[in-house]
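Asks: I am sharing input11.cif, which consists of mmCIF, C-alpha atoms and all ligand atoms:
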```
data_upload
loop_
_atom_site.label_atom_id
_atom_site.label_comp_id
_atom_site.auth_asym_id
_atom_site.auth_seq_id
_atom_site.Cartn_x
_atom_site.Cartn_y
_atom_site.Cartn_z
CA MET A 1 78.54 122.91 -32.48
CA PRO A 2 75.14 123.09 -30.73
CA TYR A 3 75.12 119.37 -29.88
CA LYS A 4 78.40 119.75 -27.98
CA ARG A 5 76.86 122.26 -25.56
CA ILE A 6 76.63 121.37 -21.89
CA THR A 7 73.37 121.52 -19.98
CA LEU A 8 72.92 123.31 -16.67
CA THR A 9 72.39 119.90 -15.03
CA HIS A 10 75.76 118.66 -16.33
CA PHE A 11 77.40 121.89 -15.27
CA LEU A 12 76.04 121.43 -11.73
CA LEU A 13 77.21 117.81 -11.62
CA GLN A 14 80.73 118.92 -12.63
CA GLU A 15 80.68 121.53 -9.85
CA GLN A 16 79.45 118.90 -7.40
CA ARG A 17 82.35 116.57 -8.31
CA ARG A 18 84.82 119.42 -8.02
CA LEU A 19 83.56 120.36 -4.55
CA GLY A 20 82.93 116.77 -3.42
CA GLY A 21 79.30 117.59 -2.52
CA SER A 22 76.57 115.15 -1.56
CA GLY A 23 74.23 115.91 -4.43
CA ALA A 24 71.76 117.88 -2.32
CA PHE A 25 72.85 121.10 -3.93
CA THR A 26 72.49 119.72 -7.46
CA SER A 27 69.04 118.44 -6.56
CA LEU A 28 67.85 121.76 -5.14
CA MET A 29 69.19 123.67 -8.14
CA ASN A 30 67.22 121.33 -10.38
CA ASP A 31 64.05 122.30 -8.54
CA ILE A 32 64.84 125.99 -9.04
CA LEU A 33 65.46 125.63 -12.74
CA THR A 34 62.23 123.65 -13.16
CA ALA A 35 60.35 126.45 -11.36
CA CYS A 36 61.99 129.04 -13.63
CA LYS A 37 61.01 127.06 -16.75
CA MET A 38 57.41 126.98 -15.54
CA VAL A 39 57.34 130.70 -14.77
CA SER A 40 58.91 131.39 -18.17
CA HIS A 41 56.12 129.38 -19.81
CA GLU A 42 53.46 131.38 -17.95
CA VAL A 43 55.11 134.75 -18.75
CA ASN A 44 55.24 133.71 -22.40
CA ARG A 45 51.56 132.73 -22.57
CA GLY A 46 50.65 136.14 -21.13
CA ALA A 47 47.18 137.44 -21.91
CA LEU A 48 46.19 134.18 -23.65
CA VAL A 49 45.60 132.58 -20.27
CA GLY A 50 44.65 135.64 -18.21
CA ASN A 51 48.15 136.34 -16.89
CA HIS A 52 47.89 140.11 -17.46
CA GLY A 53 45.98 142.73 -15.47
CA VAL A 54 45.77 142.85 -11.68
CA ALA A 55 45.18 140.07 -9.18
CA GLY A 56 43.05 142.25 -6.89
CA THR A 57 45.27 141.57 -3.85
CA VAL A 58 48.15 143.40 -2.15
CA ASN A 59 51.30 141.87 -0.68
CA VAL A 60 52.94 142.46 2.69
CA GLN A 61 54.63 145.62 1.34
CA ASP A 62 51.27 147.04 0.29
CA GLU A 63 52.09 146.59 -3.40
CA GLU A 64 49.29 145.63 -5.77
CA GLN A 65 49.88 142.03 -6.90
CA LYS A 66 49.73 140.94 -10.56
CA PRO A 67 48.40 137.48 -11.45
CA LEU A 68 51.97 136.44 -12.32
CA ASP A 69 53.31 137.63 -8.93
CA VAL A 70 50.90 135.20 -7.29
CA LEU A 71 51.37 132.37 -9.79
CA ALA A 72 55.18 132.59 -9.84
CA ASN A 73 55.18 132.60 -6.03
CA ASP A 74 53.02 129.44 -5.94
CA ILE A 75 55.22 127.72 -8.53
CA PHE A 76 58.39 128.49 -6.56
CA LEU A 77 56.85 127.32 -3.26
CA HIS A 78 55.57 124.08 -4.77
CA MET A 79 58.51 123.04 -6.98
CA ASN A 80 61.16 123.81 -4.37
CA ALA A 81 59.39 121.90 -1.61
CA LEU A 82 59.46 118.63 -3.57
CA GLY A 83 63.17 117.82 -3.21
CA GLY A 84 63.16 118.13 0.59
CA ASN A 85 66.39 120.13 0.51
CA TYR A 86 65.08 123.32 2.05
CA ALA A 87 64.28 123.70 5.71
CA ALA A 88 62.21 126.80 4.90
CA MET A 89 61.62 129.51 2.31
CA ALA A 90 60.89 133.23 2.30
CA SER A 91 59.42 135.30 -0.51
CA GLU A 92 58.70 138.92 -1.41
CA GLU A 93 55.05 137.92 -1.62
CA LEU A 94 54.78 136.30 1.84
CA GLU A 95 54.85 138.14 5.13
CA ASP A 96 56.32 135.27 7.13
CA VAL A 97 58.66 132.34 6.66
CA HIS A 98 57.15 129.42 4.73
CA ALA A 99 57.81 126.14 6.52
CA VAL A 100 58.56 123.20 4.21
CA LYS A 101 56.56 120.18 5.36
CA GLY A 102 58.41 116.85 5.63
CA SER A 103 61.90 118.26 5.18
CA ALA A 104 63.36 117.59 8.61
CA ASP A 105 66.74 117.06 6.91
CA GLY A 106 66.65 120.21 4.81
CA LYS A 107 69.97 122.01 5.25
CA TYR A 108 69.28 125.09 3.15
CA LEU A 109 67.09 128.18 3.19
CA LEU A 110 65.66 129.70 0.01
CA LEU A 111 64.78 133.37 -0.44
CA PHE A 112 63.19 134.62 -3.65
CA ASP A 113 61.55 137.41 -5.57
CA PRO A 114 59.27 135.26 -7.75
CA LEU A 115 58.56 137.96 -10.33
CA ASP A 116 60.81 141.00 -10.49
CA GLY A 117 59.84 144.04 -12.54
CA SER A 118 56.17 143.13 -12.49
CA SER A 119 55.11 146.62 -13.72
CA ASN A 120 56.53 145.41 -17.06
CA ILE A 121 54.32 142.33 -17.47
CA ASP A 122 51.40 143.94 -19.25
CA VAL A 123 53.64 145.92 -21.60
CA ASN A 124 55.61 142.82 -22.62
CA ILE A 125 59.00 144.04 -21.38
CA SER A 126 61.52 141.74 -19.68
CA VAL A 127 60.81 140.48 -16.17
CA GLY A 128 62.67 137.92 -14.04
CA SER A 129 62.95 135.84 -10.87
CA ILE A 130 65.71 136.29 -8.28
CA PHE A 131 66.87 133.72 -5.70
CA SER A 132 69.35 133.46 -2.86
CA ILE A 133 70.37 130.28 -1.00
CA LEU A 134 71.68 130.27 2.56
CA ARG A 135 72.72 127.44 4.89
CA LEU A 136 70.45 126.71 7.84
CA PRO A 137 72.65 127.69 10.79
CA GLU A 138 73.42 124.86 13.23
CA GLY A 139 70.64 124.55 15.80
CA ALA A 140 68.55 127.38 14.28
CA ASP A 141 64.78 127.16 14.07
CA PRO A 142 64.04 127.23 10.31
CA ASN A 143 60.55 128.54 10.93
CA SER A 144 61.82 131.71 12.51
CA ALA A 145 62.88 134.67 10.37
CA ASN A 146 66.05 134.87 12.51
CA ALA A 147 67.52 131.85 10.70
CA PHE A 148 67.37 133.87 7.46
CA LEU A 149 68.92 137.06 8.81
CA GLN A 150 72.44 136.41 7.53
CA PRO A 151 74.52 139.03 5.68
CA GLY A 152 74.92 138.59 1.92
CA VAL A 153 78.51 137.38 2.27
CA GLN A 154 77.12 134.14 3.69
CA GLN A 155 75.11 133.21 0.57
CA VAL A 156 76.09 129.84 -0.92
CA CYS A 157 74.40 130.50 -4.22
CA ALA A 158 72.53 133.30 -5.95
CA GLY A 159 70.96 133.61 -9.34
CA TYR A 160 68.24 134.99 -11.51
CA ALA A 161 66.10 133.94 -14.42
CA LEU A 162 65.51 136.57 -17.10
CA TYR A 163 62.32 136.18 -19.12
CA GLY A 164 63.38 138.33 -22.06
CA SER A 165 63.61 137.83 -25.80
CA SER A 166 65.19 134.55 -24.71
CA THR A 167 64.92 132.99 -21.25
CA MET A 168 68.23 132.83 -19.39
CA LEU A 169 69.41 131.57 -16.04
CA VAL A 170 72.49 133.23 -14.54
CA LEU A 171 74.06 131.95 -11.35
CA THR A 172 77.00 131.95 -9.01
CA THR A 173 78.10 129.55 -6.30
CA GLY A 174 81.05 131.77 -5.38
CA ASN A 175 83.22 130.56 -8.25
CA GLY A 176 82.48 133.07 -11.00
CA VAL A 177 79.25 133.67 -12.91
CA ASN A 178 77.80 131.52 -15.68
CA GLY A 179 74.81 132.09 -17.93
CA PHE A 180 72.54 129.48 -19.51
CA THR A 181 69.91 129.92 -22.23
CA LEU A 182 66.67 127.94 -22.33
CA ASP A 183 66.13 125.87 -25.46
CA ARG A 184 62.34 125.63 -25.41
CA ASP A 185 62.18 122.73 -27.87
CA VAL A 186 64.56 120.60 -25.81
CA GLY A 187 63.29 121.96 -22.48
CA MET A 188 66.81 122.45 -21.12
CA PHE A 189 69.11 125.32 -20.16
CA PHE A 190 72.46 125.20 -22.03
CA LEU A 191 75.67 127.00 -21.06
CA THR A 192 75.93 129.94 -23.47
CA HIS A 193 77.71 132.59 -21.37
CA PRO A 194 80.65 131.03 -19.46
CA ASN A 195 82.61 133.19 -16.99
CA MET A 196 80.63 136.39 -17.33
CA THR A 197 82.66 139.46 -16.37
CA ILE A 198 81.74 143.12 -15.96
CA PRO A 199 84.11 145.64 -17.58
CA ALA A 200 85.59 147.97 -14.92
CA ASP A 201 84.74 151.10 -16.92
CA THR A 202 81.52 152.13 -18.59
CA LYS A 203 79.72 154.93 -20.42
CA GLU A 204 76.22 153.84 -19.40
CA PHE A 205 74.24 154.56 -16.26
CA ALA A 206 70.77 153.55 -15.04
CA ILE A 207 68.69 155.49 -12.53
CA ASN A 208 65.05 156.50 -12.22
CA ALA A 209 65.56 160.21 -12.97
CA SER A 210 61.99 161.08 -11.96
CA ARG A 211 63.36 161.04 -8.39
CA ALA A 212 66.09 163.65 -9.12
CA ARG A 213 64.52 166.22 -6.80
CA PHE A 214 64.96 163.81 -3.85
CA TRP A 215 68.59 162.78 -4.57
CA GLU A 216 71.42 163.27 -2.11
CA ALA A 217 74.35 165.51 -3.12
CA PRO A 218 76.81 162.72 -4.14
CA VAL A 219 74.27 161.08 -6.48
CA LYS A 220 73.29 164.42 -7.97
CA ARG A 221 76.96 165.25 -8.57
CA TYR A 222 77.64 161.86 -10.19
CA VAL A 223 74.67 162.06 -12.56
CA ASP A 224 75.31 165.75 -13.41
CA GLU A 225 78.89 164.88 -14.36
CA CYS A 226 77.67 162.03 -16.60
CA LEU A 227 75.12 164.33 -18.25
CA ALA A 228 77.77 167.00 -18.88
CA GLY A 229 79.42 164.52 -21.30
CA LYS A 230 82.60 165.33 -23.26
CA GLU A 231 82.60 168.95 -22.15
CA GLY A 232 82.24 168.06 -18.46
CA PRO A 233 84.73 166.77 -15.86
CA ARG A 234 84.40 163.17 -17.10
CA GLY A 235 85.49 164.11 -20.62
CA LYS A 236 83.23 161.53 -22.28
CA ASP A 237 79.60 161.16 -23.33
CA PHE A 238 77.37 158.79 -21.34
CA ASN A 239 74.27 156.88 -22.36
CA MET A 240 71.29 156.29 -20.03
CA ARG A 241 68.88 153.34 -19.56
CA TRP A 242 66.03 152.51 -17.15
CA VAL A 243 64.06 149.29 -17.68
CA ALA A 244 62.42 149.17 -14.20
CA SER A 245 63.29 145.45 -13.95
CA MET A 246 66.36 144.98 -11.79
CA VAL A 247 66.98 141.60 -13.42
CA ALA A 248 67.13 143.16 -16.89
CA GLU A 249 69.38 145.99 -15.68
CA VAL A 250 71.84 143.64 -13.96
CA HIS A 251 71.87 141.38 -17.01
CA ARG A 252 72.71 144.31 -19.29
CA ILE A 253 75.56 145.25 -16.93
CA LEU A 254 76.89 141.66 -16.99
CA ILE A 255 76.87 141.72 -20.79
CA ARG A 256 78.30 145.17 -21.55
CA GLY A 257 79.04 146.98 -18.27
CA GLY A 258 77.27 149.92 -16.66
CA ILE A 259 76.17 151.25 -13.29
CA PHE A 260 72.72 150.72 -11.76
CA MET A 261 71.52 152.97 -8.98
CA TYR A 262 68.49 152.85 -6.73
CA PRO A 263 70.20 155.01 -4.10
CA ALA A 264 68.94 156.41 -0.83
CA ASP A 265 67.00 159.63 -1.36
CA VAL A 266 65.29 161.92 1.13
CA GLU A 267 61.95 160.22 0.49
CA ASN A 268 62.74 156.48 0.23
CA ILE A 269 65.24 156.52 3.11
CA LYS A 270 62.26 156.75 5.47
CA LYS A 271 61.72 153.08 4.58
CA GLY A 272 65.46 152.27 4.31
CA GLY A 273 65.57 152.51 0.48
CA LYS A 274 63.54 150.98 -2.34
CA LEU A 275 64.93 147.54 -3.15
CA ARG A 276 64.74 144.63 -0.77
CA LEU A 277 67.98 143.44 0.85
CA MET A 278 67.36 139.72 1.23
CA TYR A 279 65.91 138.69 -2.14
CA GLU A 280 66.92 141.50 -4.51
CA ALA A 281 70.03 143.38 -3.38
CA ASN A 282 72.06 140.57 -1.78
CA PRO A 283 71.73 137.97 -4.56
CA MET A 284 72.42 140.58 -7.26
CA SER A 285 75.42 141.88 -5.31
CA PHE A 286 76.86 138.36 -5.02
CA ILE A 287 76.55 137.89 -8.80
CA VAL A 288 77.99 141.33 -9.59
CA GLU A 289 80.99 140.89 -7.27
CA GLN A 290 81.65 137.41 -8.64
CA ALA A 291 81.72 138.93 -12.13
CA GLY A 292 84.37 141.46 -11.05
CA GLY A 293 81.98 144.36 -10.37
CA ALA A 294 81.16 146.11 -7.10
CA SER A 295 78.04 146.71 -5.03
CA THR A 296 77.50 149.22 -2.26
CA THR A 297 74.85 151.18 -0.40
CA GLY A 298 77.05 154.24 -1.09
CA ARG A 299 78.40 154.00 2.43
CA GLN A 300 79.06 150.29 2.94
CA ARG A 301 79.71 147.08 0.93
CA LEU A 302 76.16 145.87 0.37
CA MET A 303 76.75 142.23 1.28
CA GLU A 304 78.05 143.29 4.71
CA VAL A 305 74.80 145.03 5.72
CA PRO A 306 73.51 143.21 8.82
CA PRO A 307 69.89 142.19 8.17
CA THR A 308 67.27 142.83 10.81
CA ASN A 309 64.11 142.01 8.87
CA LEU A 310 63.09 139.66 6.03
CA HIS A 311 61.61 142.49 3.98
CA GLN A 312 64.15 145.17 4.84
CA ARG A 313 64.93 147.74 2.14
CA VAL A 314 68.37 149.06 1.25
CA PRO A 315 70.00 151.62 -1.09
CA VAL A 316 71.69 149.89 -4.06
CA ILE A 317 74.54 151.06 -6.31
CA LEU A 318 76.15 148.29 -8.38
CA GLY A 319 78.00 147.48 -11.57
CA SER A 320 81.30 148.48 -13.20
CA LYS A 321 83.89 148.70 -10.45
CA ASN A 322 85.51 152.06 -11.22
CA GLU A 323 82.17 153.84 -11.46
CA VAL A 324 80.80 152.32 -8.23
CA GLU A 325 84.02 153.26 -6.42
CA ARG A 326 83.80 156.81 -7.79
CA LEU A 327 80.30 157.24 -6.40
CA GLU A 328 81.39 155.78 -3.06
CA ALA A 329 84.22 158.32 -2.98
CA TYR A 330 81.72 161.14 -3.64
CA HIS A 331 79.77 159.95 -0.57
CA ARG A 332 82.95 159.92 1.54
CA GLU A 333 83.93 163.41 0.38
CA VAL A 334 80.77 164.93 1.80
CA GLY A 335 81.13 162.78 4.91
CA GLU A 336 77.81 161.03 4.33
P1 LIG A 401 59.17 144.08 -8.00
O1 LIG A 401 58.48 144.04 -9.33
O2 LIG A 401 59.67 142.73 -7.57
O3 LIG A 401 58.37 144.77 -6.93
O4 LIG A 401 60.55 144.92 -8.16
C1 LIG A 401 60.59 146.10 -8.89
C2 LIG A 401 61.86 146.83 -8.52
C3 LIG A 401 63.05 146.58 -9.44
O5 LIG A 401 63.01 145.48 -10.25
C4 LIG A 401 63.16 147.84 -10.27
O6 LIG A 401 64.50 148.16 -10.46
C5 LIG A 401 62.45 148.87 -9.46
O7 LIG A 401 61.59 148.21 -8.57
C6 LIG A 401 61.69 149.84 -10.32
O8 LIG A 401 61.30 150.91 -9.57
P2 LIG A 401 60.58 152.21 -10.20
O9 LIG A 401 59.15 151.79 -10.45
O10 LIG A 401 60.72 153.24 -9.14
O11 LIG A 401 61.29 152.56 -11.48
MN MN A 402 61.75 142.81 -7.42
MN MN A 403 58.61 140.88 -7.29
#
```
When written as structure tokens, how does the structure in this file appear?
Replies:
Amino acid sequence: MPYKRITLTHFLLQEQRRLGGSGAFTSLMNDILTACKMVSHEVNRGALVGNHGVAGTVNVQDEEQKPLDVLANDIFLHMNALGGNYAAMASEELEDVHAVKGSADGKYLLLFDPLDGSSNIDVNISVGSIFSILRLPEGADPNSANAFLQPGVQQVCAGYALYGSSTMLVLTTGNGVNGFTLDRDVGMFFLTHPNMTIPADTKEFAINASRARFWEAPVKRYVDECLAGKEGPRGKDFNMRWVASMVAEVHRILIRGGIFMYPADVENIKKGGKLRLMYEANPMSFIVEQAGGASTTGRQRLMEVPPTNLHQRVPVILGSKNEVERLEAYHREVGE
């Protein structure tokens, strides 16, 4: 019964009543979902409005920016400042903290990756946005990066928008994971995937195998055993995927299970890893754990990593619990 569906706004209001909140949280989530709708619209219009190609600029991490990296960042900064709920924001595309003017009462901090998987834009493969919400610590200066440097376990909300064959918004406030699909005609997200859960076992793994020569022994062992299939020690055949959009990979894992790895290797460990802790790894780990999965660096629960820098990188292994725990055990066995 499509007309009996509930909207994301109604879902948030129900949560607010359940938790006895003030409404600030519902208001700030509304700003995020408006931003995601706008980014979705721009991703969809693509080359028609010049949203493909390169922007001709580089970000703080020396990555070449795409027009949609810049546009999505501007949309997020603008839409989320309007409600006055955030004391400050931080983004993959900005070196420093972004102060929110006129929000002296803002109690929250917003971190985001405005456009994840941006190498996929021009080839029309799924991209996304990732966000993480933290409380402004009592007495902290919101314009200092220190206020943001809280471990992932302190997130109050995390989510992503997936701009795929349909646009979806998936989020957690620490009470399970729910997924909403955008109805473009109505302009609203509707609850389509209540209580998303990740199966504990899987036959599917995701890793960028072009880095195999740099892998550490436990990762090499894990992947070799998967590749050996039925005849190997795992006794079953595995399938492999690599989209190069973390949002799309995590979404696949939420729908049908799997393990995603961007682990430490001898090359990327010089920078701490590949993916960014504060606006990629932590929010995705919160979602995955809330859906019954696990997330680790290989050596430590990811959400317990103490942050020291806004743009810090970290090794990431997440997804179906039994597989993630197996790979953690392989790390322990070699004492790494
Ligand atoms: P971003 O587009 O925000 O820079 O993130 C890209 C990330 C992540 O989404 C993906 O899993 C990974 O980088 C892809 O890396 P490779 O290009 O090494 O496959
Ligand atoms: Mn990203
Ligand atoms: Mn990005």
Asks: Could you list, as a list in words, all protein and nucleic acid residues with an atom at most 6 Å from ligand MN 402 (chain A), counting all atoms listed in the file?
Replies: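 Here is the list of contacting residues: Asp113, Asp116 and Gly117 of chain A.
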Asks: Just how far from atom CA of A:Leu169 is atom CA of A:His78, in Å to one decimal?
Replies: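 Separation between atom CA of A:His78 and atom CA of A:Leu169: 19.4 Å.
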Asks: Using only C-alpha atoms and all ligand atoms, tabulate the residues of chain A lying at most 9 Å from any atom of ligand MN 403 (chain A), each with its closest atom pair and that distance in Å to one decimal, by chain and increasing residue number, as JSON lines.
Replies:
```
{"residue": "A:Gln65", "atom": "CA", "partner": "A:MN403", "partner_atom": "MN", "distance": 8.8}
{"residue": "A:Asp69", "atom": "CA", "partner": "A:MN403", "partner_atom": "MN", "distance": 6.4}
{"residue": "A:Ser91", "atom": "CA", "partner": "A:MN403", "partner_atom": "MN", "distance": 8.8}
{"residue": "A:Glu92", "atom": "CA", "partner": "A:MN403", "partner_atom": "MN", "distance": 6.2}
{"residue": "A:Glu93", "atom": "CA", "partner": "A:MN403", "partner_atom": "MN", "distance": 7.3}
{"residue": "A:Phe112", "atom": "CA", "partner": "A:MN403", "partner_atom": "MN", "distance": 8.6}
{"residue": "A:Asp113", "atom": "CA", "partner": "A:MN403", "partner_atom": "MN", "distance": 4.9}
{"residue": "A:Pro114", "atom": "CA", "partner": "A:MN403", "partner_atom": "MN", "distance": 5.7}
{"residue": "A:Leu115", "atom": "CA", "partner": "A:MN403", "partner_atom": "MN", "distance": 4.2}
{"residue": "A:Asp116", "atom": "CA", "partner": "A:MN403", "partner_atom": "MN", "distance": 3.9}
{"residue": "A:Gly117", "atom": "CA", "partner": "A:MN403", "partner_atom": "MN", "distance": 6.2}
{"residue": "A:Ser118", "atom": "CA", "partner": "A:MN403", "partner_atom": "MN", "distance": 6.2}
{"residue": "A:Gly128", "atom": "CA", "partner": "A:MN403", "partner_atom": "MN", "distance": 8.4}
{"residue": "A:Ser129", "atom": "CA", "partner": "A:MN403", "partner_atom": "MN", "distance": 7.6}
{"residue": "A:Ile130", "atom": "CA", "partner": "A:MN403", "partner_atom": "MN", "distance": 8.5}
{"residue": "A:Glu280", "atom": "CA", "partner": "A:MN403", "partner_atom": "MN", "distance": 8.8}
```
Asks: Please identify every residue of stretch 19-66 of chain A that has at least one atom no farther than 12 Å from an atom of stretch 189-196 of chain A, counting all atoms listed in the file, and for each give the shortest atom pair and the distance in Å to one decimal, arranged by chain then increasing number, as a tab-separated table.
Replies:
```
residue	atom	partner	partner_atom	distance
A:Asn30	CA	A:Phe189	CA	10.7
A:Ile32	CA	A:Phe189	CA	11.9
A:Leu33	CA	A:Phe189	CA	8.3
A:Thr34	CA	A:Phe189	CA	10.0
A:Cys36	CA	A:Phe189	CA	10.4
A:Lys37	CA	A:Phe189	CA	9.0
```
Asks: Would you mind reading off the distance between atom CA of A:Leu318 and atom CA of A:Phe286, one decimal, in Å?
Replies: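 Interatomic distance, atom CA of A:Leu318 to atom CA of A:Phe286: 10.5 Å.
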Asks: Quick one: of A:Leu277, A:Ile198, A:Ala329, A:Ala244, who's nearest to ligand LIG 401 (chain A), counting only C-alpha atoms and all ligand atoms?
Replies: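 Among the listed residues, A:Ala244 lies closest to ligand LIG 401 (chain A).
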Asks: Which of these, A:Arg252, A:Arg313, A:Arg18, A:Lys274, has the shortest distance to ligand LIG 401 (chain A) once you count only C-alpha atoms and all ligand atoms?
Replies: A:Lys274
Asks: Please return, as a list of chain:residue names, all polymer residues that have at least one atom within 12 Å of the point (81.7, 160.5, 0.3); use all atoms listed in the file and the file's own coordinate frame.
Replies: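 All residues meeting the 12 Å criterion around (81.7, 160.5, 0.3) are A:Glu216, A:Ala217, A:Pro218, A:Val219, A:Arg221, A:Tyr222, A:Thr297, A:Gly298, A:Arg299, A:Gln300, A:Val324, A:Glu325, A:Arg326, A:Leu327, A:Glu328, A:Ala329, A:Tyr330, A:His331, A:Arg332, A:Glu333, A:Val334, A:Gly335, A:Glu336.
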Asks: To one decimal in Å, tell me the separation between atom CA of A:Glu323 and atom CA of A:Ile269.
Replies: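 It comes out at 22.5 Å.
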Asks: Given 6 Å of margin on each side, can you work out the centre and size in Å (one decimal) of an axis-aligned box holding every listed atom of stretch 205-209 of chain A, as AutoDock Vina command-line options?
Replies:
```
--center_x 69.6 --center_y 156.9 --center_z -14.2 --size_x 21.2 --size_y 18.7 --size_z 16.0
```
Asks: Using only C-alpha atoms, which protein or nucleic acid residues come within 12 Å of A:Asp62? Drop anything in the same chain fewer than 4 positions from it, and give the result as a count of residues only.
Replies: 8
Asks: Quick one: residues within 12 Å of A:Glu304, only C-alpha atoms, excluding same-chain residues fewer than 6 positions away - as a PyMOL selection string?
Replies: chain A and resi 149-155+277-278+281-282+285-286+295-297+314
